[in-house]
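**Student:** Attaching a single structure in structure tokens format; questions to follow.
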Number of protein chains: 2
Amino acid sequence: MRIEILNTGTELLLGNTLNTHGAWFGRELFKLGLRVARQTSVPDGEAIREALTETLGRADAVIVTGGLGPTSDDLTREITAEVLGLELVQDAAARRSLEAFFALRERPMAEANLKQVLTPIGAASLPNPHGTAPGVFIPPHLAGRSNAAVFLLPGPPPELYPMYHAEVAPRLRVLAGTARPPAMLELKFTGIGESDFHAGIDARLAAIHGLEYGYCAHIGEVDLRLIGTADALAQGRMIALERFAPLLVSDDGSSLEQTVVRLLGEHRLTLATAESCTGGLLASRITDVPGASAVFTHGFVTYANQAKQDLLGVRAGDLLTHGAVSEPVARQMAEGMLAVSGADLAVAVTGIAGPTGGSPEQPVGTAWIAVAQRHGATRACRVFQPRNRRDFKQGVSQAALDAVRKHLLECRETPR
Amino acid sequence: MRIEILNTGTELLLGNTLNTHGAWFGRELFKLGLRVARQTSVPDGEAIREALTETLGRADAVIVTGGLGPTSDDLTREITAEVLGLELVQDAAARRSLEAFFALRERPMAEANLKQVLTPIGAASLPNPHGTAPGVFIPPHLAGRSNAAVFLLPGPPPELYPMYHAEVAPRLRVLAGTARPPAMLELKFTGIGESDFHAGIDARLAAIHGLEYGYCAHIGEVDLRLIGTADALAQGRMIALERFAPLLVSDDGSSLEQTVVRLLGEHRLTLATAESCTGGLLASRITDVPGASAVFTHGFVTYANQAKQDLLGVRAGDLLTHGAVSEPVARQMAEGMLAVSGADLAVAVTGIAGPTGGSPEQPVGTAWIAVAQRHGATRACRVFQPRNRRDFKQGVSQAALDAVRKHLLECRETPR
């Protein structure tokens, strides 16, 4: 069953409003075992006619959002009826609901609102308890001009989402017949690139019967998406982990920061952060996770060298000899943070975000990361991420979180 | 000039990734005096062929994103060449850049990466300093099968955005010919909502001849966009500032954090931050600004109450009596930060991000902000932002930056 989404609204094309409907429908339809074949956005008004006509020629079902309001640029209902050659009439039940909607709110109903209860003859008006725009369901073959089922739905999410669940999803289930939702698995990996997957496991994944797979790259992360039968997923998962298990962040959609917070909780360890070049982003990512307060106690942003000395006890001589972006300084920051915070674990980051401040030995994009643990050896590593300032911060914070993740996985200490 | 955007990526249709490209292109093209006529998303692979063929028949320029990676599901380059009937050859300069990219990072180049430098004969390969996928520009009429100009661009924003600015925007300017971008002015305001503008100045803006205007709301910020003649812009600007001058963040596109860093520099003052609920985001936003190191010295994330006492000297009694989210605690955090850091100015934030931890007196979404200055009175204010955790952090950090901005504007002290 080929389903297309058509989102209408000039604000979407001007970029004033981010289109979140496309992704939302993707997730919801997937739960029914269905896919979105295509998503299209067009401005309000006549552009809808062209796009709708094309879509009706390709799809088995079309879901249109927006343009059901009472104002002059709300034309979805009228254009759809014209394209299909259907006559619009007032739906009596929809009119009573609309009158009740205004009565409940003790507001007068404007004349303009009446156009909202117009419905093509033979179509169903879909109740909207949360707003003035009822939806419309036009069954397949009603028009003769199209075989597709058409849903017209209001744009605002507080009206759209409940209407989808109550009126659209049940009808799609019937239209789709016996289609059973396939299983999906998302494996997040860090510390490698998309091409490493290609070289490493792509051919083996391609050989699995009934498996659909794909990659999605982010800064410091690659997500491997597996879709298919339970057996195909298990095989795909095994192949990926045989090769890349130490780099696995999660297999349940969890972000790296969520994984780190979970692992800290399991080990009953607390963490403190000492940041220079990431400037607070590392702490901010950790505190994005609900419940982080149970494992995260302190974060320092020691941007100035003096702050590194005063607060973390970094030796002035080492700053002078090795520079602020160096292994000894990263180690002393982590160990100093451990001492000052009383946390079980400390991670420190020092680097050169740029655009200025680089040198031939330490070019812009260089960072040192150190992880110190009470009663354990401090480890340090160097990363090089020559990116713009914000992406550098994201990439280095990713590497720092990953250093903590690896440290926790290698912790031989039995969780307390 | 009719421009269409074609976004490719199965993750967009599955809803795993939110499509932000559509809105981004809308805003960028608008700056050139151009509009997006239609935006389409299709899955990776063969679906691109159908959508691209249709788009080429309608548009003067097509911008395609995604599918330029090294893996088997990256087919945009190959399908586009086929649809246009163009032969793909290795671009020598692109190959040298790719080899240099890997050499710089001290990583071996995989064989699979070589397909990324394939370019249709007669097309231009667009350099990608931030990733392995060069873009492609196919001039109009090159193929004979289409009159449209075609741009193939990488999907990841850190690669896409710089390539657009360096390679795409200048070519679009040429293609659009004499279409002169209208003048645009963006006024950023903080501390009010879109509806305040609507009620306050909308009717007066609508009366200005030759002015097109629009609002764009973000968390804690509304941008007023004015487009038109120099005279119309000046009139619109005056009307907006008559009413909302104290809330103006910038009229040159600067973010609030950029404005704060600039003002600190002008006043030759240094700033330190003490954060609880924003968890490092406030420091991270400040350090997003190049040159922040000249004015920002220290940041503490004192997530635990004990950390507030130990590091900032917050009194245990006040934590007990008033709670961590209270005016006295915010004030003591700011004053403690001033003492420990030696900075000229300190801003402190304490609040309840949720989802748990609220109480009837201090519900989730409450925060206290304090600004302390050496030899000056400490000021505090309460904000209430009942949002999800990440949006709460964004909104409260916005309010904290704005408190610093207001403090600096009201500084009677002559800049040193």
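In the structure tokens, chains take the letters A, B, ... in the order shown, each chain's residues start at 1, and ligands count up from 1 in the order shown.
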Can you list every residue in stretch 200-402 of chain B that DSSP puts in helix (DSSP H, G or I), as a PyMOL selection string?
**Tutor:** chain B and resi 200-206+230-247+256-267+281-287+292-294+305-312+316-322+327-341+389-402
**Student:** Over all Cα atoms paired in order, how far apart are chain B and chain A after a least-squares superposition, as an RMSD in Å?
**Tutor:** 4.9 Å
**Student:** Give as a PDB file with N, CA and C atoms, in the first residue's frame every residue of chain A that touches chain B within 7 Å, counting only C-alpha atoms.
**Tutor:**
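Saved the output as selection-v7.pdb:
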```pdb
ATOM      1  N   LEU A  12       5.948  26.600   5.967  1.00  0.00           N
ATOM      2  CA  LEU A  12       6.871  25.464   5.849  1.00  0.00           C
ATOM      3  C   LEU A  12       7.928  25.735   4.788  1.00  0.00           C
ATOM      4  N   LEU A  13       7.527  26.376   3.689  1.00  0.00           N
ATOM      5  CA  LEU A  13       8.442  26.629   2.569  1.00  0.00           C
ATOM      6  C   LEU A  13       9.336  27.835   2.821  1.00  0.00           C
ATOM      7  N   LEU A  14       8.839  28.792   3.624  1.00  0.00           N
ATOM      8  CA  LEU A  14       9.678  29.939   3.985  1.00  0.00           C
ATOM      9  C   LEU A  14      10.668  29.553   5.075  1.00  0.00           C
ATOM     10  N   GLY A  15      10.409  28.418   5.726  1.00  0.00           N
ATOM     11  CA  GLY A  15      11.314  27.976   6.782  1.00  0.00           C
ATOM     12  C   GLY A  15      11.011  28.604   8.131  1.00  0.00           C
ATOM     13  N   ASN A  16       9.877  29.298   8.229  1.00  0.00           N
ATOM     14  CA  ASN A  16       9.515  29.872   9.527  1.00  0.00           C
ATOM     15  C   ASN A  16       9.046  28.802  10.495  1.00  0.00           C
ATOM     16  N   THR A  17       8.516  27.703   9.950  1.00  0.00           N
ATOM     17  CA  THR A  17       8.045  26.601  10.785  1.00  0.00           C
ATOM     18  C   THR A  17       8.711  25.323  10.310  1.00  0.00           C
ATOM     19  N   LEU A  18       9.212  24.568  11.263  1.00  0.00           N
ATOM     20  CA  LEU A  18       9.835  23.289  10.943  1.00  0.00           C
ATOM     21  C   LEU A  18       8.734  22.255  10.737  1.00  0.00           C
ATOM     22  N   THR A  20       7.330  19.041  11.283  1.00  0.00           N
ATOM     23  CA  THR A  20       7.522  17.852  12.115  1.00  0.00           C
ATOM     24  C   THR A  20       6.500  16.769  11.761  1.00  0.00           C
ATOM     25  N   GLY A  22       6.020  15.214   8.893  1.00  0.00           N
ATOM     26  CA  GLY A  22       6.583  14.136   8.080  1.00  0.00           C
ATOM     27  C   GLY A  22       7.151  13.037   8.956  1.00  0.00           C
ATOM     28  N   ALA A  23       8.001  13.422   9.903  1.00  0.00           N
ATOM     29  CA  ALA A  23       8.636  12.432  10.778  1.00  0.00           C
ATOM     30  C   ALA A  23       7.592  11.747  11.665  1.00  0.00           C
ATOM     31  N   TRP A  24       6.630  12.512  12.138  1.00  0.00           N
ATOM     32  CA  TRP A  24       5.602  11.950  13.020  1.00  0.00           C
ATOM     33  C   TRP A  24       4.796  10.871  12.291  1.00  0.00           C
ATOM     34  N   GLY A  26       5.743   9.189   9.724  1.00  0.00           N
ATOM     35  CA  GLY A  26       6.644   8.070   9.457  1.00  0.00           C
ATOM     36  C   GLY A  26       6.640   7.084  10.607  1.00  0.00           C
ATOM     37  N   ARG A  27       6.775   7.616  11.818  1.00  0.00           N
ATOM     38  CA  ARG A  27       6.825   6.731  12.996  1.00  0.00           C
ATOM     39  C   ARG A  27       5.478   6.060  13.232  1.00  0.00           C
ATOM     40  N   PHE A  30       4.643   3.384  10.566  1.00  0.00           N
ATOM     41  CA  PHE A  30       5.507   2.220  10.713  1.00  0.00           C
ATOM     42  C   PHE A  30       4.937   1.240  11.740  1.00  0.00           C
ATOM     43  N   VAL A  36       5.751   5.552   4.594  1.00  0.00           N
ATOM     44  CA  VAL A  36       5.488   6.745   3.799  1.00  0.00           C
ATOM     45  C   VAL A  36       6.360   6.652   2.544  1.00  0.00           C
ATOM     46  N   ALA A  37       5.724   6.613   1.389  1.00  0.00           N
ATOM     47  CA  ALA A  37       6.482   6.495   0.142  1.00  0.00           C
ATOM     48  C   ALA A  37       7.081   7.841  -0.256  1.00  0.00           C
ATOM     49  N   ARG A  38       6.382   8.900   0.062  1.00  0.00           N
ATOM     50  CA  ARG A  38       6.867  10.221  -0.278  1.00  0.00           C
ATOM     51  C   ARG A  38       6.188  11.263   0.600  1.00  0.00           C
ATOM     52  N   GLN A  39       6.923  12.309   0.922  1.00  0.00           N
ATOM     53  CA  GLN A  39       6.352  13.432   1.679  1.00  0.00           C
ATOM     54  C   GLN A  39       6.621  14.685   0.865  1.00  0.00           C
ATOM     55  N   THR A  40       5.591  15.507   0.701  1.00  0.00           N
ATOM     56  CA  THR A  40       5.699  16.721  -0.104  1.00  0.00           C
ATOM     57  C   THR A  40       5.162  17.909   0.680  1.00  0.00           C
ATOM     58  N   SER A  41       5.863  19.036   0.621  1.00  0.00           N
ATOM     59  CA  SER A  41       5.346  20.276   1.209  1.00  0.00           C
ATOM     60  C   SER A  41       5.122  21.301   0.108  1.00  0.00           C
ATOM     61  N   VAL A  42       3.977  21.956   0.138  1.00  0.00           N
ATOM     62  CA  VAL A  42       3.682  23.025  -0.823  1.00  0.00           C
ATOM     63  C   VAL A  42       3.104  24.223  -0.079  1.00  0.00           C
ATOM     64  N   SER A 195      31.900   4.485   6.136  1.00  0.00           N
ATOM     65  CA  SER A 195      32.638   3.652   5.187  1.00  0.00           C
ATOM     66  C   SER A 195      33.251   2.428   5.863  1.00  0.00           C
ATOM     67  N   HIS A 198      30.681  -0.095   5.577  1.00  0.00           N
ATOM     68  CA  HIS A 198      30.591  -0.573   4.208  1.00  0.00           C
ATOM     69  C   HIS A 198      31.646  -1.633   3.958  1.00  0.00           C
ATOM     70  N   GLY A 214      20.103   0.104   6.550  1.00  0.00           N
ATOM     71  CA  GLY A 214      20.576   1.404   6.105  1.00  0.00           C
ATOM     72  C   GLY A 214      21.409   2.045   7.201  1.00  0.00           C
ATOM     73  N   GLY A 279      33.515  23.761  26.668  1.00  0.00           N
ATOM     74  CA  GLY A 279      32.859  24.932  27.231  1.00  0.00           C
ATOM     75  C   GLY A 279      31.529  24.701  27.936  1.00  0.00           C
ATOM     76  N   GLY A 280      31.295  23.511  28.470  1.00  0.00           N
ATOM     77  CA  GLY A 280      30.047  23.243  29.178  1.00  0.00           C
ATOM     78  C   GLY A 280      29.135  22.296  28.418  1.00  0.00           C
ATOM     79  N   LEU A 281      29.443  22.039  27.146  1.00  0.00           N
ATOM     80  CA  LEU A 281      28.564  21.183  26.348  1.00  0.00           C
ATOM     81  C   LEU A 281      28.553  19.746  26.867  1.00  0.00           C
ATOM     82  N   ALA A 283      28.916  18.718  30.021  1.00  0.00           N
ATOM     83  CA  ALA A 283      28.006  18.699  31.177  1.00  0.00           C
ATOM     84  C   ALA A 283      26.562  18.834  30.719  1.00  0.00           C
ATOM     85  N   SER A 284      26.330  19.702  29.739  1.00  0.00           N
ATOM     86  CA  SER A 284      24.962  19.949  29.281  1.00  0.00           C
ATOM     87  C   SER A 284      24.363  18.691  28.653  1.00  0.00           C
ATOM     88  N   THR A 287      23.430  16.370  31.457  1.00  0.00           N
ATOM     89  CA  THR A 287      22.245  16.820  32.201  1.00  0.00           C
ATOM     90  C   THR A 287      21.003  16.916  31.323  1.00  0.00           C
ATOM     91  N   ASP A 288      21.122  16.617  30.043  1.00  0.00           N
ATOM     92  CA  ASP A 288      19.921  16.445  29.204  1.00  0.00           C
ATOM     93  C   ASP A 288      19.164  15.171  29.579  1.00  0.00           C
ATOM     94  N   PRO A 290      17.161  12.759  31.830  1.00  0.00           N
ATOM     95  CA  PRO A 290      16.408  12.777  33.084  1.00  0.00           C
ATOM     96  C   PRO A 290      17.049  11.824  34.084  1.00  0.00           C
ATOM     97  N   SER A 293      20.985  13.752  37.745  1.00  0.00           N
ATOM     98  CA  SER A 293      21.432  14.287  39.038  1.00  0.00           C
ATOM     99  C   SER A 293      21.869  13.185  39.996  1.00  0.00           C
ATOM    100  N   THR A 297      27.620  15.118  39.605  1.00  0.00           N
ATOM    101  CA  THR A 297      27.622  15.997  40.771  1.00  0.00           C
ATOM    102  C   THR A 297      28.160  17.388  40.462  1.00  0.00           C
ATOM    103  N   HIS A 298      29.303  17.452  39.775  1.00  0.00           N
ATOM    104  CA  HIS A 298      29.986  18.719  39.558  1.00  0.00           C
ATOM    105  C   HIS A 298      30.467  18.820  38.119  1.00  0.00           C
ATOM    106  N   GLY A 299      30.437  20.014  37.590  1.00  0.00           N
ATOM    107  CA  GLY A 299      31.125  20.277  36.331  1.00  0.00           C
ATOM    108  C   GLY A 299      31.847  21.605  36.422  1.00  0.00           C
ATOM    109  N   PHE A 300      33.086  21.636  35.950  1.00  0.00           N
ATOM    110  CA  PHE A 300      33.826  22.902  35.885  1.00  0.00           C
ATOM    111  C   PHE A 300      34.074  23.238  34.428  1.00  0.00           C
ATOM    112  N   VAL A 301      33.886  24.500  34.098  1.00  0.00           N
ATOM    113  CA  VAL A 301      34.392  24.973  32.823  1.00  0.00           C
ATOM    114  C   VAL A 301      35.562  25.885  33.153  1.00  0.00           C
ATOM    115  N   THR A 302      36.783  25.373  32.989  1.00  0.00           N
ATOM    116  CA  THR A 302      37.975  26.156  33.302  1.00  0.00           C
ATOM    117  C   THR A 302      38.560  26.626  31.985  1.00  0.00           C
ATOM    118  N   TYR A 303      38.023  27.739  31.538  1.00  0.00           N
ATOM    119  CA  TYR A 303      38.368  28.226  30.213  1.00  0.00           C
ATOM    120  C   TYR A 303      39.739  28.898  30.252  1.00  0.00           C
ATOM    121  N   ALA A 304      39.980  29.662  31.332  1.00  0.00           N
ATOM    122  CA  ALA A 304      41.262  30.372  31.448  1.00  0.00           C
ATOM    123  C   ALA A 304      42.313  29.453  32.082  1.00  0.00           C
ATOM    124  N   ALA A 307      42.320  29.541  35.772  1.00  0.00           N
ATOM    125  CA  ALA A 307      41.269  28.728  36.384  1.00  0.00           C
ATOM    126  C   ALA A 307      41.713  27.279  36.493  1.00  0.00           C
ATOM    127  N   PRO A 355      38.224  29.679  15.898  1.00  0.00           N
ATOM    128  CA  PRO A 355      39.017  29.657  14.662  1.00  0.00           C
ATOM    129  C   PRO A 355      40.484  30.043  14.854  1.00  0.00           C
ATOM    130  N   ARG A 387      36.861  20.853  12.621  1.00  0.00           N
ATOM    131  CA  ARG A 387      35.507  21.234  12.207  1.00  0.00           C
ATOM    132  C   ARG A 387      35.259  22.663  12.643  1.00  0.00           C
ATOM    133  N   ARG A 389      33.499  25.549  14.996  1.00  0.00           N
ATOM    134  CA  ARG A 389      33.532  25.602  16.447  1.00  0.00           C
ATOM    135  C   ARG A 389      32.454  24.757  17.133  1.00  0.00           C
ATOM    136  N   ARG A 390      31.225  24.880  16.673  1.00  0.00           N
ATOM    137  CA  ARG A 390      30.127  24.151  17.328  1.00  0.00           C
ATOM    138  C   ARG A 390      30.224  22.656  17.063  1.00  0.00           C
TER     139      ARG A 390
END
```
**Student:** Can you tell me how far atom CA of A:Pro170 sits from atom CA of A:Ala133, in Å to one decimal?
**Tutor:**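 Separation of atom CA of A:Pro170 and atom CA of A:Ala133: 20.0 Å.
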**Student:** Of the residues B:Arg262, B:Arg58, B:Arg243, B:His322, which is the one nearest to B:Val404, using only C-alpha atoms?
**Tutor:**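 Among the listed residues, the smallest separation from B:Val404 belongs to B:Arg262.
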**Student:** Of the candidates B:Leu68, B:Leu114, B:Gly395, B:Ala199, which one gets nearest to B:Phe102 if we count only C-alpha atoms?
**Tutor:**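 Of all the options, B:Leu114 lies closest to B:Phe102.
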**Student:** Just to confirm, what's the straight-line distance from atom CA of B:Ala94 to atom CA of B:Ser125 in Å (one decimal)?
**Tutor:**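 Those two atoms sit 6.8 Å apart.
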**Student:** Please report, as a VMD selection string, each residue of stretch 129-247 of chain B to which DSSP assigns strand (DSSP E or B) when run on this structure's backbone.
**Tutor:** chain B and resid 135 to 138 149 to 153 183 to 190 211 to 218 221 to 228
**Student:** Counting only C-alpha atoms, what is within 10 Å of B:Leu256, bar same-chain residues fewer than 6 positions away, as a list of chain:residue names?
**Tutor:**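 These residues fall inside the cut-off: B:Lys188, B:Phe189, B:Thr190, B:Glu221, B:Leu248, B:Val249, B:Ser250, B:Arg262, B:Arg285, B:Ile286, B:Gln398, B:Ala399, B:Leu401, B:Asp402, B:Arg405.
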**Student:** Just to be explicit: take each residue in the selection above, keep N, CA and C atoms, and write the result as an mmCIF file, in the first residue's frame.
**Tutor:**
```cif
data_model
loop_
_atom_site.group_PDB
_atom_site.id
_atom_site.type_symbol
_atom_site.label_atom_id
_atom_site.label_comp_id
_atom_site.auth_asym_id
_atom_site.auth_seq_id
_atom_site.Cartn_x
_atom_site.Cartn_y
_atom_site.Cartn_z
ATOM 1 N N LYS B 188 15.886 40.744 16.234
ATOM 2 C CA LYS B 188 15.644 39.683 17.211
ATOM 3 C C LYS B 188 15.245 40.301 18.542
ATOM 4 N N PHE B 189 14.154 39.805 19.098
ATOM 5 C CA PHE B 189 13.674 40.298 20.383
ATOM 6 C C PHE B 189 13.588 39.135 21.364
ATOM 7 N N THR B 190 13.738 39.442 22.632
ATOM 8 C CA THR B 190 13.604 38.391 23.629
ATOM 9 C C THR B 190 12.649 38.837 24.726
ATOM 10 N N GLU B 221 12.511 33.795 22.214
ATOM 11 C CA GLU B 221 12.933 34.773 21.206
ATOM 12 C C GLU B 221 11.904 34.858 20.087
ATOM 13 N N LEU B 248 15.162 44.442 22.328
ATOM 14 C CA LEU B 248 15.928 44.133 21.109
ATOM 15 C C LEU B 248 17.251 43.449 21.448
ATOM 16 N N VAL B 249 17.467 42.287 20.871
ATOM 17 C CA VAL B 249 18.733 41.569 21.037
ATOM 18 C C VAL B 249 19.734 42.023 19.984
ATOM 19 N N SER B 250 19.296 42.120 18.741
ATOM 20 C CA SER B 250 20.202 42.524 17.662
ATOM 21 C C SER B 250 19.408 42.883 16.420
ATOM 22 N N ARG B 262 29.777 40.404 23.037
ATOM 23 C CA ARG B 262 30.188 41.706 22.509
ATOM 24 C C ARG B 262 30.083 42.801 23.580
ATOM 25 N N ARG B 285 26.635 27.824 25.557
ATOM 26 C CA ARG B 285 26.162 28.819 24.588
ATOM 27 C C ARG B 285 27.145 29.996 24.507
ATOM 28 N N ILE B 286 27.664 30.415 25.669
ATOM 29 C CA ILE B 286 28.631 31.520 25.660
ATOM 30 C C ILE B 286 29.888 31.108 24.904
ATOM 31 N N GLN B 398 18.346 31.147 28.037
ATOM 32 C CA GLN B 398 18.000 32.367 27.308
ATOM 33 C C GLN B 398 17.680 33.501 28.301
ATOM 34 N N ALA B 399 16.877 33.186 29.309
ATOM 35 C CA ALA B 399 16.505 34.192 30.311
ATOM 36 C C ALA B 399 17.742 34.656 31.087
ATOM 37 N N LEU B 401 20.933 34.667 29.989
ATOM 38 C CA LEU B 401 21.731 35.530 29.104
ATOM 39 C C LEU B 401 21.086 36.903 28.993
ATOM 40 N N ASP B 402 19.750 36.924 28.942
ATOM 41 C CA ASP B 402 19.063 38.198 28.827
ATOM 42 C C ASP B 402 19.222 39.025 30.099
ATOM 43 N N ARG B 405 22.498 40.620 29.698
ATOM 44 C CA ARG B 405 22.387 41.687 28.699
ATOM 45 C C ARG B 405 21.785 42.952 29.303
#
```
**Student:** Which one of B:Arg145, B:Arg268, B:Lys31, B:Arg204 sits closest to B:Ala183 if you count only C-alpha atoms?
**Tutor:**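 When distances to B:Ala183 are compared using only C-alpha atoms, the smallest one comes from B:Lys31.
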**Student:** Find the residue from A:Thr229, A:Asn388, A:Thr270, A:Thr80 that sits nearest to A:Thr53; use only C-alpha atoms when measuring.
**Tutor:**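 Checking each candidate against A:Thr53, we get A:Thr80 as the closest.
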**Student:** One decimal, Å: what's the distance from atom CA of A:Arg95 over to atom CA of A:Pro139, could you say?
**Tutor:**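 Spanning atom CA of A:Arg95 to atom CA of A:Pro139 is a straight-line distance of 21.3 Å.
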